[in-house]
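> Provided herewith is a single structure, encoded as structure tokens, for subsequent inquiry.
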Amino acid sequence: IQGKDVATKPVGVALLGATGSIGKSALRVLERQRERFVPVALTANGNFAALAEQVAQFSPAYAGLVQECVDAPSSWGRGPDCLVEAATHPDASIVINAVVGAAGLPATLAALQQGKRVALANKETLVVAGEIVTRTAREHGAELVPVDSEHSAILQCLAGRQPHEVRRLILTASGGPFRTWPAEKIAQATRADALKHPTWQMGSKITIDSATLANKALEVIEAHHLFGVPYDRIDVVVHPQSIIHSFVEFVDGSVLAQMGVPSMELPILYALTWPERVPDTGVPSF
Ligand code: NDP
Ligand code: MG
């Protein structure tokens, strides 16, 4: 799907949540990989100015803004339905869902129902409806490929192994900004303290969830649905350096880890090209 022959037409990508942290990273990847991929649909919630800039730069066939905005051109899609319209746009073969929250669910389902690949950052889609989402993907022969760094790491470690060969999935967690704080100090923590993530630059909701470690609980649920592994065989280990993005332990006792600099551009690119890899030097190595 990543277009082995780069001389052929680039693969169309719909990007939901284009103005967010993952959305902007995805556009940097798409820009570098423009011989292989082209953004054909972009959406935002209320940030008209940022979306307008992206539309001017990338000229997608479709743009959609969820919130009312008098300045938005009449040609743009409007309201919550614009997510499904973007996800089902005929020019898009891949949908990157980088919306935050359960609002991303209908678009994920609509894209899967059309047999498209969904590169999923929007973990809430799996937390609220994991069984429905994975069943929809199976029934329509559609691919659900994780963008979340831990799940991308697991996908890379699994590399075609069979379910019966896997003993355990081990997700890594940085431990967040409060890992070394005593409990009394954490009780006084401010929003600004919680937003200072030690290793990742992310949107505010996931950064707060990382400070409380709630994000890791969401990721265990996400891993359970993506890889069909029971909860008692999914563990979490604190790894403050965020260099190992997760491990898979196999039935023979061997453990594979995936490593990389903490940049979401790496798992975003992999979700587009999986199961293959393509040359990309946009993210500086260690
Ligand atoms: P941001 O808050 O930075 O961006 C969210 C994007 O979604 C924005 O484009 C925003 O539009 C749009 N949006 C927000 N609410 C709605 C809504 N109700 N309907 C439609 N669009 C909406 O979030 P992140 O990029 O950090 O995260 C996106 C998803 O990716 C989350 O599920 C998160 O858990 C996951 N993720 C993020 C990582 C990261 O590094 N940031 C890492 C791993 C997973 P607008 O700008 O107009 O408000
Ligand atoms: Mg993660």
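Residues in the structure tokens are numbered from 1 in each chain, the chains being A, B, ... in the order shown, and ligands are numbered from 1 in the order shown.
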If we count only C-alpha atoms, what is near region 204-215 of chain A at a cut-off of 7 Å, once residues fewer than 4 positions away on the same chain are taken out, given as number ranges by chain?
A: 176-178, 194-195, 197, 219
> Write out, as a compact mmCIF listing (two decimals), in the first residue's frame, the residues just selected, with N, CA, C and O atoms.

# COMPACT_ATOMS: atom_id res chain seq x y z
N GLY A 176 6.21 9.55 33.72
CA GLY A 176 5.67 10.91 33.74
C GLY A 176 6.46 11.85 34.62
O GLY A 176 7.48 11.48 35.23
N PRO A 177 6.01 13.11 34.73
CA PRO A 177 6.77 14.13 35.45
C PRO A 177 6.82 13.92 36.97
O PRO A 177 7.68 14.49 37.63
N PHE A 178 5.93 13.11 37.53
CA PHE A 178 5.86 12.98 38.99
C PHE A 178 6.51 11.71 39.52
O PHE A 178 6.36 11.37 40.69
N ALA A 194 1.93 19.17 35.60
CA ALA A 194 1.50 17.93 34.94
C ALA A 194 1.74 17.99 33.43
O ALA A 194 1.90 16.96 32.78
N LEU A 195 1.76 19.19 32.88
CA LEU A 195 1.95 19.33 31.43
C LEU A 195 3.42 19.30 31.02
O LEU A 195 3.74 19.37 29.83
N HIS A 197 5.89 17.04 30.43
CA HIS A 197 6.29 15.63 30.26
C HIS A 197 7.79 15.54 30.02
O HIS A 197 8.35 16.33 29.27
N GLU A 219 -3.71 2.31 27.33
CA GLU A 219 -2.87 1.59 26.37
C GLU A 219 -2.91 0.08 26.57
O GLU A 219 -2.75 -0.68 25.61
> 8 Å from ligand 2 is the threshold here; counting only C-alpha atoms and all ligand atoms, which polymer residues fall inside it? Answer as number ranges by chain.
A: 148-151, 215-216, 219
> Please report the interatomic distance between CA of Arg233 (chain A) and CA of Ile170 (chain A) in Å with one decimal.
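About the pair CA of Arg233 (chain A) and CA of Ile170 (chain A): they are 8.4 Å apart.
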> Counting only C-alpha atoms and all ligand atoms, what residues are within 6 Å of ligand 1, given as a list in words?
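Based on only C-alpha atoms and all ligand atoms, ligand 1 is surrounded within 6 Å by Gly17, Ala18, Thr19, Gly20, Ser21, Ile22, Gly23, Ala44, Asn45, Gly46, Asn47, Val66, Ala98, Val99, Val100, Gly101, Ala103, Ala121, Asn122, Lys123, Glu124, Asp148, Met202, Gly203, Ser204, Ile206 and Met264 of chain A.
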> Skipping near chain neighbours, those fewer than 4 positions away, what residues fall within 10 Å of Ser75 (chain A) using only C-alpha atoms, listed as a list in words?
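In the requested form, the answer reads Tyr62, Ala63 and Gly64 of chain A.
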> CA of Thr108 (chain A) and CA of Leu144 (chain A) are how many Å apart?
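Distance reported for this atom pair: 9.1 Å.
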> Using only C-alpha atoms, which of the listed residues (A:Pro182, A:Val128, A:Glu53, A:Thr199) sits closest to Leu218 (chain A)?
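Counting only C-alpha atoms, the residue closest to Leu218 (chain A) is A:Val128.
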> Could you go through region 148-212 of chain A and tell me which residues DSSP, when run on the backbone, assigns to alpha helix (DSSP H), listing them as a ChimeraX atom specification?
/A:149-158,183-187,191-194,204-212
> Which residue gives the smallest distance to Val237 (chain A) among A:Thr273, A:Ser174, A:Ser263, A:Gln258, with only C-alpha atoms counted?
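The closest residue to Val237 (chain A) is A:Ser174.
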> Just want the 9 Å neighbourhood of region 77-87 of chain A, counted on only C-alpha atoms, with same-chain residues fewer than 2 positions away dropped. Output as an MDAnalysis selection string.
chainID A and resid 13:17 40:45 62:69 72:75 89:90 92 94:97 103:104 106:111 116
> Name the closest residue to His225 (chain A) among the candidates A:Thr8, A:Leu51, A:Val145, A:Arg34; distances are taken between atoms, counting only C-alpha atoms.
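Once distances to His225 (chain A) are computed over only C-alpha atoms, the minimum belongs to A:Val145.
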> Got a sec to tell me which of region 38-262 of chain A DSSP assigns to strand (DSSP E or B), as a tab-separated table (two decimals) with C-alpha atoms, in the first residue's frame?

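Result file follows (selection-v7.tsv):
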chain	number	residue	atom	x	y	z
A	38	VAL	CA	-0.56	12.82	-0.46
A	39	PRO	CA	-2.98	14.40	2.03
A	40	VAL	CA	-6.40	14.47	0.35
A	41	ALA	CA	-8.60	15.37	3.34
A	42	LEU	CA	-7.84	17.38	6.49
A	43	THR	CA	-10.07	18.07	9.50
A	44	ALA	CA	-9.92	20.12	12.70
A	62	TYR	CA	-11.54	18.04	1.23
A	63	ALA	CA	-11.33	20.15	4.38
A	64	GLY	CA	-13.70	19.93	7.34
A	65	LEU	CA	-14.17	21.92	10.53
A	77	GLY	CA	-17.36	20.31	5.36
A	78	ARG	CA	-18.95	21.34	8.67
A	94	ILE	CA	-5.51	5.43	4.30
A	95	VAL	CA	-7.12	7.33	7.18
A	96	ILE	CA	-4.88	8.68	9.95
A	97	ASN	CA	-7.18	9.17	12.92
A	117	ARG	CA	-6.40	1.15	6.30
A	118	VAL	CA	-6.85	3.11	9.52
A	119	ALA	CA	-3.60	4.37	11.06
A	120	LEU	CA	-4.95	4.84	14.56
A	144	LEU	CA	-6.15	-1.32	11.74
A	145	VAL	CA	-2.55	-0.21	12.29
A	146	PRO	CA	-1.46	1.47	15.53
A	166	VAL	CA	3.64	-15.00	22.20
A	167	ARG	CA	3.89	-15.31	25.98
A	168	ARG	CA	3.57	-11.68	27.07
A	169	LEU	CA	3.36	-8.10	25.86
A	170	ILE	CA	5.32	-5.61	27.98
A	171	LEU	CA	4.44	-1.94	27.52
A	172	THR	CA	6.93	0.68	28.64
A	173	ALA	CA	5.90	3.80	30.56
A	234	ILE	CA	-0.01	-7.70	29.25
A	235	ASP	CA	2.43	-6.06	31.66
A	236	VAL	CA	3.80	-2.55	32.12
A	237	VAL	CA	7.34	-1.58	33.09
A	238	VAL	CA	8.60	1.92	33.94
A	244	ILE	CA	12.56	1.17	24.31
A	245	HIS	CA	8.97	1.64	23.18
A	246	SER	CA	7.78	-1.84	24.25
A	247	PHE	CA	8.76	-5.53	24.35
A	248	VAL	CA	7.31	-8.86	23.29
A	249	GLU	CA	8.24	-11.99	25.24
A	250	PHE	CA	7.89	-15.21	23.27
A	255	VAL	CA	12.31	-11.04	24.48
A	256	LEU	CA	12.38	-8.59	21.57
A	257	ALA	CA	12.39	-4.82	22.11
A	258	GLN	CA	11.87	-1.99	19.65
A	259	MET	CA	13.96	1.15	20.14
